[in-house]
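Peer 1: Okay, so here is entry-v5.tsv, and as you'll see once you scroll down, it has TSV, C-alpha atoms and all ligand atoms.
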```
chain	number	residue	atom	x	y	z
X	1	MET	CA	-9.08	-2.25	-32.45
X	2	ALA	CA	-12.14	-4.14	-31.25
X	3	HIS	CA	-12.42	-4.77	-27.55
X	4	ASP	CA	-12.53	-8.56	-28.13
X	5	GLN	CA	-9.28	-8.47	-30.06
X	6	LEU	CA	-7.62	-6.45	-27.31
X	7	GLU	CA	-8.79	-9.00	-24.77
X	8	GLN	CA	-7.35	-11.86	-26.82
X	9	ARG	CA	-3.99	-10.12	-26.99
X	10	ALA	CA	-3.76	-9.45	-23.25
X	11	ALA	CA	-0.96	-11.43	-21.63
X	12	PRO	CA	-2.07	-14.12	-19.20
X	13	VAL	CA	-2.18	-13.04	-15.58
X	14	ALA	CA	0.64	-14.64	-13.55
X	15	VAL	CA	-0.08	-16.52	-10.32
X	16	GLY	CA	-0.43	-13.96	-7.53
X	17	GLY	CA	-1.30	-11.24	-10.05
X	18	MET	CA	-4.53	-9.72	-11.29
X	19	ARG	CA	-6.06	-7.60	-14.01
X	20	VAL	CA	-8.98	-5.30	-13.22
X	21	GLN	CA	-10.53	-3.82	-16.35
X	22	ASP	CA	-13.15	-1.05	-16.59
X	23	VAL	CA	-14.79	-2.25	-13.42
X	24	GLY	CA	-17.94	-0.69	-12.07
X	25	ILE	CA	-20.26	-1.73	-9.29
X	26	ARG	CA	-23.61	-0.22	-8.56
X	27	PHE	CA	-25.48	-0.29	-5.29
X	28	LYS	CA	-28.92	0.76	-4.15
X	29	ARG	CA	-28.96	3.71	-1.79
X	30	ASN	CA	-32.13	2.48	-0.28
X	31	ARG	CA	-32.84	-1.20	0.21
X	32	GLN	CA	-36.56	-0.47	-0.08
X	33	SER	CA	-36.20	0.49	-3.74
X	34	ARG	CA	-36.64	-2.87	-5.41
X	35	ARG	CA	-35.86	-3.47	-9.05
X	36	ASN	CA	-39.03	-3.60	-11.04
X	37	PHE	CA	-40.13	-6.22	-13.56
X	38	LYS	CA	-38.93	-4.13	-16.50
X	39	ASP	CA	-35.43	-3.96	-14.97
X	40	LEU	CA	-35.12	-7.74	-15.19
X	41	PHE	CA	-35.01	-7.45	-18.98
X	42	ALA	CA	-32.93	-4.29	-19.13
X	43	GLY	CA	-29.56	-6.10	-19.05
X	44	LYS	CA	-26.37	-4.53	-17.74
X	45	ASP	CA	-26.26	-0.92	-18.77
X	46	ARG	CA	-23.92	1.76	-17.56
X	47	ARG	CA	-26.57	4.06	-16.17
X	48	ALA	CA	-27.35	4.15	-12.49
X	49	ARG	CA	-31.10	3.81	-12.08
X	50	PRO	CA	-32.99	6.02	-9.64
X	51	GLY	CA	-31.94	5.16	-6.08
X	52	GLU	CA	-28.71	3.58	-7.31
X	53	PHE	CA	-25.16	4.86	-7.44
X	54	TRP	CA	-21.80	3.67	-8.70
X	55	ALA	CA	-19.63	2.72	-5.70
X	56	LEU	CA	-16.82	2.10	-8.22
X	57	HIS	CA	-16.69	3.10	-11.86
X	58	ASP	CA	-14.20	2.69	-14.72
X	59	VAL	CA	-11.53	1.24	-12.45
X	60	SER	CA	-8.62	-0.42	-14.28
X	61	PHE	CA	-5.23	-1.59	-13.03
X	62	GLU	CA	-2.92	-4.58	-13.14
X	63	VAL	CA	-0.97	-6.13	-10.30
X	64	LYS	CA	2.14	-8.24	-10.59
X	65	PRO	CA	2.86	-11.07	-8.14
X	66	GLY	CA	4.60	-9.83	-5.00
X	67	GLU	CA	3.45	-6.20	-5.25
X	68	SER	CA	2.29	-4.55	-2.04
X	69	ILE	CA	-0.47	-2.07	-2.64
X	70	GLY	CA	-1.98	0.46	-0.25
X	71	VAL	CA	-5.56	1.51	-0.95
X	72	VAL	CA	-6.23	5.09	0.10
X	73	GLY	CA	-9.31	7.31	0.23
X	74	ARG	CA	-11.86	8.92	2.51
X	75	ASN	CA	-14.65	6.91	4.16
X	76	GLY	CA	-17.15	5.49	1.72
X	77	GLN	CA	-15.10	5.92	-1.46
X	78	GLY	CA	-15.06	2.24	-2.49
X	79	LYS	CA	-11.92	0.80	-0.84
X	80	SER	CA	-13.60	-2.17	0.86
X	81	THR	CA	-15.73	-2.76	-2.20
X	82	LEU	CA	-12.59	-3.00	-4.30
X	83	LEU	CA	-11.16	-5.60	-1.93
X	84	LYS	CA	-14.39	-7.60	-2.09
X	85	LEU	CA	-14.17	-7.62	-5.87
X	86	VAL	CA	-10.57	-8.86	-5.68
X	87	ALA	CA	-11.65	-11.52	-3.15
X	88	GLN	CA	-14.44	-12.39	-5.60
X	89	VAL	CA	-17.09	-12.33	-2.93
X	90	MET	CA	-18.71	-9.59	-5.02
X	91	PHE	CA	-18.99	-9.34	-8.79
X	92	PRO	CA	-18.82	-6.20	-10.91
X	93	ASP	CA	-21.75	-4.83	-12.91
X	94	THR	CA	-19.39	-3.72	-15.66
X	95	GLY	CA	-15.89	-4.77	-16.67
X	96	ARG	CA	-13.98	-7.77	-15.41
X	97	VAL	CA	-11.75	-8.86	-12.59
X	98	GLU	CA	-9.19	-11.58	-13.32
X	99	VAL	CA	-7.31	-12.91	-10.33
X	100	ASN	CA	-4.84	-15.75	-10.70
X	101	GLY	CA	-4.46	-17.65	-7.45
X	102	GLY	CA	-6.25	-17.93	-4.15
X	103	VAL	CA	-6.99	-14.95	-1.96
X	104	ALA	CA	-6.66	-14.87	1.82
X	105	PRO	CA	-9.10	-12.14	2.82
X	106	LEU	CA	-8.97	-10.34	6.14
X	107	ILE	CA	-11.84	-8.10	5.23
X	108	GLU	CA	-14.59	-7.05	7.58
X	109	ILE	CA	-14.45	-8.03	11.17
X	110	THR	CA	-15.88	-11.52	10.75
X	111	GLY	CA	-13.35	-12.51	8.09
X	112	GLY	CA	-15.90	-15.01	6.80
X	113	PHE	CA	-16.20	-16.69	10.19
X	114	VAL	CA	-19.52	-18.23	11.18
X	115	ASN	CA	-21.03	-16.69	14.30
X	116	ASP	CA	-22.66	-19.78	15.78
X	117	LEU	CA	-19.66	-22.07	15.33
X	118	THR	CA	-16.96	-22.32	17.97
X	119	VAL	CA	-13.49	-20.89	17.46
X	120	ARG	CA	-12.18	-24.43	16.84
X	121	ASP	CA	-14.80	-25.23	14.19
X	122	ASN	CA	-14.21	-21.87	12.50
X	123	VAL	CA	-10.47	-22.55	12.27
X	124	TYR	CA	-11.12	-25.94	10.64
X	125	LEU	CA	-13.81	-24.54	8.36
X	126	THR	CA	-11.84	-21.53	7.11
X	127	ALA	CA	-8.54	-23.34	6.68
X	128	GLY	CA	-10.34	-26.29	5.04
X	129	LEU	CA	-12.19	-24.04	2.60
X	130	HIS	CA	-8.84	-22.62	1.54
X	131	GLY	CA	-7.54	-26.10	0.79
X	132	MET	CA	-5.46	-26.81	3.90
X	133	PRO	CA	-5.51	-30.58	4.49
X	134	ARG	CA	-7.00	-31.69	7.80
X	135	ARG	CA	-3.71	-33.16	9.01
X	136	GLU	CA	-2.00	-29.82	8.44
X	137	ILE	CA	-4.75	-27.98	10.31
X	138	ASP	CA	-4.30	-30.43	13.21
X	139	GLU	CA	-0.57	-29.67	13.19
X	140	THR	CA	-0.92	-25.89	13.05
X	141	PHE	CA	-4.01	-25.54	15.26
X	142	ASP	CA	-2.14	-24.91	18.53
X	143	GLU	CA	0.15	-22.41	16.86
X	144	ILE	CA	-2.84	-20.52	15.43
X	145	ILE	CA	-4.51	-20.35	18.84
X	146	GLU	CA	-1.25	-19.30	20.49
X	147	PHE	CA	-0.69	-16.55	17.94
X	148	ALA	CA	-4.22	-15.30	18.59
X	149	GLY	CA	-3.67	-15.59	22.35
X	150	ILE	CA	-7.20	-16.88	22.94
X	151	GLY	CA	-6.50	-20.33	24.36
X	152	ASP	CA	-9.37	-20.10	26.88
X	153	PHE	CA	-11.95	-19.55	24.17
X	154	ILE	CA	-11.42	-22.48	21.79
X	155	ASP	CA	-14.87	-23.90	22.45
X	156	THR	CA	-16.66	-20.55	22.69
X	157	PRO	CA	-19.04	-19.59	19.87
X	158	TYR	CA	-17.34	-17.01	17.69
X	159	LYS	CA	-20.18	-14.52	18.23
X	160	HIS	CA	-19.31	-14.30	21.94
X	161	LEU	CA	-15.75	-13.09	21.35
X	162	SER	CA	-14.89	-9.42	21.75
X	163	SER	CA	-14.15	-7.43	18.56
X	164	GLY	CA	-10.42	-7.55	19.30
X	165	MET	CA	-10.49	-11.31	19.89
X	166	LYS	CA	-12.39	-11.85	16.64
X	167	VAL	CA	-9.69	-10.00	14.74
X	168	ARG	CA	-6.96	-11.94	16.54
X	169	ILE	CA	-8.27	-15.36	15.56
X	170	ALA	CA	-9.21	-14.23	12.03
X	171	PHE	CA	-5.73	-12.84	11.40
X	172	ALA	CA	-4.07	-15.90	12.96
X	173	VAL	CA	-5.90	-18.20	10.54
X	174	ILE	CA	-5.92	-16.05	7.41
X	175	SER	CA	-2.21	-15.30	7.66
X	176	ARG	CA	-1.45	-19.05	7.88
X	177	LEU	CA	-3.17	-19.79	4.56
X	178	GLU	CA	-0.89	-20.57	1.66
X	179	GLU	CA	-2.77	-18.31	-0.74
X	180	PRO	CA	-0.59	-16.05	-2.91
X	181	ILE	CA	-2.72	-12.93	-2.33
X	182	LEU	CA	-3.43	-11.35	1.07
X	183	LEU	CA	-6.09	-8.69	1.58
X	184	VAL	CA	-6.07	-6.70	4.80
X	185	ASP	CA	-8.84	-4.19	5.40
X	186	GLU	CA	-8.75	-1.76	8.31
X	187	VAL	CA	-9.66	-4.53	10.74
X	188	LEU	CA	-6.22	-4.53	12.33
X	189	ALA	CA	-6.94	-1.12	13.82
X	190	VAL	CA	-9.13	-2.97	16.33
X	191	GLY	CA	-6.24	-5.00	17.76
X	192	ASP	CA	-4.18	-3.72	20.68
X	193	LYS	CA	-0.66	-2.40	20.16
X	194	ALA	CA	1.20	-5.60	21.01
X	195	PHE	CA	-1.00	-7.68	18.73
X	196	ARG	CA	-0.71	-5.20	15.87
X	197	GLU	CA	3.08	-5.46	16.11
X	198	LYS	CA	2.83	-9.25	15.95
X	199	CYS	CA	0.60	-8.98	12.87
X	200	PHE	CA	2.98	-6.53	11.23
X	201	THR	CA	5.90	-8.92	11.74
X	202	ARG	CA	3.83	-11.68	10.15
X	203	ILE	CA	2.94	-9.42	7.19
X	204	ASP	CA	6.67	-8.61	6.76
X	205	GLU	CA	7.38	-12.35	6.60
X	206	LEU	CA	4.62	-12.95	4.08
X	207	LEU	CA	5.86	-10.11	1.87
X	208	ALA	CA	9.40	-11.44	2.06
X	209	GLY	CA	7.99	-14.78	0.92
X	210	GLY	CA	6.60	-13.13	-2.23
X	211	ARG	CA	2.92	-12.65	-1.33
X	212	THR	CA	0.89	-10.00	-3.05
X	213	LEU	CA	-0.66	-7.60	-0.52
X	214	PHE	CA	-3.58	-5.19	-0.61
X	215	LEU	CA	-3.74	-3.05	2.51
X	216	VAL	CA	-6.55	-0.59	3.20
X	217	SER	CA	-5.42	1.85	5.84
X	218	HIS	CA	-5.81	5.40	7.07
X	219	SER	CA	-2.39	5.21	8.72
X	220	GLU	CA	0.37	6.81	6.67
X	221	ARG	CA	2.91	5.01	8.79
X	222	ASP	CA	1.48	1.57	8.05
X	223	LEU	CA	1.05	2.34	4.36
X	224	LEU	CA	4.66	3.50	4.05
X	225	ARG	CA	5.91	0.54	6.06
X	226	PHE	CA	4.35	-2.13	3.86
X	227	CYS	CA	3.39	-0.70	0.49
X	228	THR	CA	5.39	0.36	-2.52
X	229	ARG	CA	2.43	1.29	-4.70
X	230	GLY	CA	-0.80	3.12	-3.89
X	231	LEU	CA	-4.29	3.24	-5.35
X	232	TYR	CA	-6.22	6.38	-4.46
X	233	LEU	CA	-9.99	6.10	-4.73
X	234	ASP	CA	-12.27	9.10	-4.65
X	235	LYS	CA	-16.00	9.03	-5.38
X	236	GLY	CA	-15.63	5.53	-6.77
X	237	ALA	CA	-12.97	6.52	-9.33
X	238	LEU	CA	-9.33	5.49	-9.32
X	239	VAL	CA	-7.82	8.98	-9.14
X	240	LEU	CA	-4.18	7.95	-8.89
X	241	ASP	CA	-2.18	4.73	-9.28
X	242	ALA	CA	1.40	5.62	-8.36
X	243	PRO	CA	4.21	5.00	-5.86
X	244	ILE	CA	2.76	5.05	-2.33
X	245	GLN	CA	4.46	8.30	-1.29
X	246	ASP	CA	3.02	10.14	-4.31
X	247	VAL	CA	-0.43	8.75	-3.56
X	248	ILE	CA	-0.25	9.86	0.08
X	249	ASP	CA	0.99	13.32	-0.94
X	250	ARG	CA	-1.85	13.75	-3.41
X	251	TYR	CA	-4.45	12.56	-0.90
X	252	ASN	CA	-3.10	14.97	1.74
X	253	ALA	CA	-3.12	17.82	-0.77
X	254	ASP	CA	-6.74	17.07	-1.76
X	255	TYR	CA	-7.93	16.62	1.82
X	256	PRO	CA	-5.61	18.41	4.25
X	257	SER	CA	-6.33	17.39	7.83
K	301	LIG	N1	-23.72	-3.99	-0.06
K	301	LIG	C1	-23.90	-2.68	-0.21
K	301	LIG	N2	-25.10	-2.17	-0.56
K	301	LIG	C2	-25.30	-0.85	-0.72
K	301	LIG	N3	-24.32	0.08	-0.59
K	301	LIG	C3	-23.11	-0.36	-0.24
K	301	LIG	C4	-22.81	-1.75	-0.03
K	301	LIG	N4	-21.50	-1.86	0.29
K	301	LIG	C5	-20.98	-0.63	0.29
K	301	LIG	N5	-21.94	0.28	-0.04
K	301	LIG	C6	-21.75	1.74	-0.20
K	301	LIG	O1	-20.73	1.89	-1.19
K	301	LIG	C7	-19.90	2.99	-0.88
K	301	LIG	C8	-18.47	2.51	-0.78
K	301	LIG	O2	-18.35	1.70	0.38
K	301	LIG	P1	-16.96	1.09	0.86
K	301	LIG	O3	-17.26	0.28	2.08
K	301	LIG	O4	-16.32	0.39	-0.28
K	301	LIG	O5	-16.14	2.38	1.24
K	301	LIG	P2	-14.71	2.51	1.94
K	301	LIG	O6	-13.90	3.42	1.09
K	301	LIG	O7	-14.17	1.17	2.25
K	301	LIG	O8	-15.11	3.27	3.29
K	301	LIG	P3	-14.47	3.22	4.78
K	301	LIG	O9	-13.16	3.96	4.75
K	301	LIG	O10	-15.50	3.95	5.58
K	301	LIG	O11	-14.35	1.78	5.17
K	301	LIG	C9	-20.46	3.59	0.40
K	301	LIG	O12	-21.31	4.65	0.04
K	301	LIG	C10	-21.24	2.46	1.03
K	301	LIG	O13	-22.30	2.95	1.80
```
I'd like the structure from this file rewritten - as structure tokens, please.
Ligand SMILES: Nc1ncnc2c1ncn2[C@@H]1O[C@H](COP(=O)(O)OP(=O)(O)OP(=O)(O)O)[C@@H](O)[C@H]1O
Peer 2:
Amino acid sequence: MAHDQLEQRAAPVAVGGMRVQDVGIRFKRNRQSRRNFKDLFAGKDRRARPGEFWALHDVSFEVKPGESIGVVGRNGQGKSTLLKLVAQVMFPDTGRVEVNGGVAPLIEITGGFVNDLTVRDNVYLTAGLHGMPRREIDETFDEIIEFAGIGDFIDTPYKHLSSGMKVRIAFAVISRLEEPILLVDEVLAVGDKAFREKCFTRIDELLAGGRTLFLVSHSERDLLRFCTRGLYLDKGALVLDAPIQDVIDRYNADYPS
């Protein structure tokens, strides 16, 4: 059957769900190697040009609303890139990513925060961009700051916060958003033990409320605590999509510590 016909037959993606189909993304190894004039007319082909490599290739999976998915793999295998595609801050070179519903992304330490703005302005900006009305931000502002435990730094430029404080305020805001999908990269590893526990309780609450979760982690304990399903990426390929315990077992068998 033709690809177009298959696409027409695919069921619509439910709110909080997604469909990732034959996705590939290609990066340059070396920023110096610019695309040449001929490349501009070459269109999207499936070959990596010299100096380029596929950070993800032929990745396909579907997610139902409310699933909690752990993304597993060694350093540099495409986990963060996959989350960026789901967050739609990056677009694939091949295939397509369909996400139904907003995404609250706690990916990379800045979490989309603007360095030169104060903590207060960042809270208003991020929450506002995700559709939270100003009145609601006013009402939740103190609670967000209290959760982050950074009351003395409200008017400090974000860039002057410590790494741990940046994660605290980013998590406090992102986890208050009403988006159906939550993405959590390894950033939480930066937080201290007490704060991590607070975050984990919040994630439990969000999951109980039916959120869809993607969690990138190297901690078996955290993966088993939150996730039912695992995606194992190796060399940019989705090697296994299975229950989380099976994915962890396979990863440990491939790369014993
Ligand atoms: N914007 C970019 N430009 C060029 N290469 C990139 C870019 N982003 C990521 N890469 C490369 O793509 C590959 C996959 O990176 P990614 O950050 O997705 O890996 P990861 O599995 O999340 O790794 P880690 O566990 O170390 O966080 C790596 O080789 C990385 O260097």
Peer 1: Could you give me, as number ranges by chain, the residues within 8 Å of region 146-160 of chain X, counting all atoms listed in the file and dropping anything in the same chain fewer than 5 positions from it?
Peer 2: X: 113-120, 122, 165-166, 168-169, 171-172
Peer 1: Just to be explicit: take each residue in the selection above, keep C-alpha atoms, and write the result as a short mmCIF file (atom, residue, chain, number, x, y, z; two decimals), keeping the file's coordinate frame.
Peer 2:
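Result went into result_11.cif, see below:
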```cif
data_model
loop_
_atom_site.label_atom_id
_atom_site.label_comp_id
_atom_site.auth_asym_id
_atom_site.auth_seq_id
_atom_site.Cartn_x
_atom_site.Cartn_y
_atom_site.Cartn_z
CA PHE X 113 -16.20 -16.69 10.19
CA VAL X 114 -19.52 -18.23 11.18
CA ASN X 115 -21.03 -16.69 14.30
CA ASP X 116 -22.66 -19.78 15.78
CA LEU X 117 -19.66 -22.07 15.33
CA THR X 118 -16.96 -22.32 17.97
CA VAL X 119 -13.49 -20.89 17.46
CA ARG X 120 -12.18 -24.43 16.84
CA ASN X 122 -14.21 -21.87 12.50
CA MET X 165 -10.49 -11.31 19.89
CA LYS X 166 -12.39 -11.85 16.64
CA ARG X 168 -6.96 -11.94 16.54
CA ILE X 169 -8.27 -15.36 15.56
CA PHE X 171 -5.73 -12.84 11.40
CA ALA X 172 -4.07 -15.90 12.96
#
```
Peer 1: To check your reading of the model: which residues sit at most 7 Å from ligand LIG 301 (chain K) when counting only C-alpha atoms and all ligand atoms? Write the answer as a list in words.
Peer 2: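 Every residue with an atom at most 7 Å from ligand LIG 301 (chain K) is listed here: Phe27, Lys28, Arg29, Ala55, Gly73, Arg74, Asn75, Gly76, Gln77, Gly78, Lys79, Ser80, Thr81 and Leu82 of chain X.
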Peer 1: What lies within 8 Å of region 60-64 of chain X using all atoms listed in the file, ignoring chain neighbours under 3 positions off, as a PyMOL selection string?
Peer 2: chain X and resi 14+16-23+67+212+238+241
Peer 1: Here is a test: counting only C-alpha atoms, which residue of X:Gly51, X:Leu215, X:Gly102, X:Ala10 is nearest to Leu83 (chain X)?
Peer 2: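 Selected residue with least distance to Leu83 (chain X): X:Leu215.
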Peer 1: Please identify all polymer residues lying at most 8 Å from the point (5.5, 5.6, -7.0) (file coordinates), using all atoms listed in the file, and present the result as a list in words.
Peer 2: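 Protein and nucleic acid residues near the point are Thr228, Arg229, Gly230, Ala242, Pro243, Ile244, Gln245, Asp246 and Val247 of chain X.
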Peer 1: CA of Ile25 (chain X) to CA of Val86 (chain X): how many Å, to one decimal?
Peer 2: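 Distance between the two atoms: 12.6 Å.
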Peer 1: Separation of CA of Ile145 (chain X) and CA of Val89 (chain X), in Å?
Peer 2: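 It comes out at 26.4 Å.
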Peer 1: Using only C-alpha atoms, what residues lie at most 12 Å away from (-0.3, 6.2, 6.1) (file coordinates), given as a PyMOL selection string?
Peer 2: chain X and resi 70-73+186+215-228+230+244-249+251-252
Peer 1: Take CA of Glu143 (chain X) and CA of Arg176 (chain X) and report the distance between them in Å, one decimal.
Peer 2: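 Atom-to-atom, CA of Glu143 (chain X) and CA of Arg176 (chain X) are spaced 9.7 Å apart.
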Peer 1: Enclose region 162-173 of chain X, meaning all of its atoms listed in the file, in a box aligned along x, y and z, pad it by 6 Å on each side, and list the centre and edge lengths in Å to one decimal, as AutoDock Vina command-line options.
Peer 2:
```
--center_x -9.5 --center_y -12.8 --center_z 16.1 --size_x 22.8 --size_y 22.8 --size_z 23.2
```
Peer 1: From the options X:Pro256, X:Val239, X:Ala208, X:Cys199, which residue's atoms come nearest to Val187 (chain X), counting only C-alpha atoms?
Peer 2: X:Cys199
Peer 1: From the options X:Arg211, X:Gly164, X:Tyr124, X:Glu178, which residue's atoms come nearest to Phe195 (chain X), counting all atoms listed in the file?
Peer 2: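 Nearest to Phe195 (chain X): X:Gly164.
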Peer 1: Find the spatial neighbours of Val15 (chain X), counting all atoms listed in the file, within a cut-off of 8 Å - ignore same-chain residues fewer than 5 positions away - and output them as a PyMOL selection string.
Peer 2: chain X and resi 65+100-101+180
Peer 1: Could you check which of X:Glu197, X:Ile181, X:Val173, X:Gly24 is closest to Met90 (chain X), using all atoms listed in the file?
Peer 2: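 Using all atoms listed in the file, Met90 (chain X) sits closest to X:Gly24.
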Peer 1: Which one is closest to Leu206 (chain X): X:Ile137, X:Leu183, X:Val190, X:Leu125? Count only C-alpha atoms.
Peer 2: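 For Leu206 (chain X), the nearest of the candidates is X:Leu183.
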Peer 1: Can you work out which one of X:Thr94, X:Thr126, X:Gln88, X:Ser257 has the shortest atom-to-atom distance to Ala170 (chain X), counting all atoms listed in the file?
Peer 2: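 Using all atoms listed in the file, the shortest distance to Ala170 (chain X) belongs to X:Thr126.
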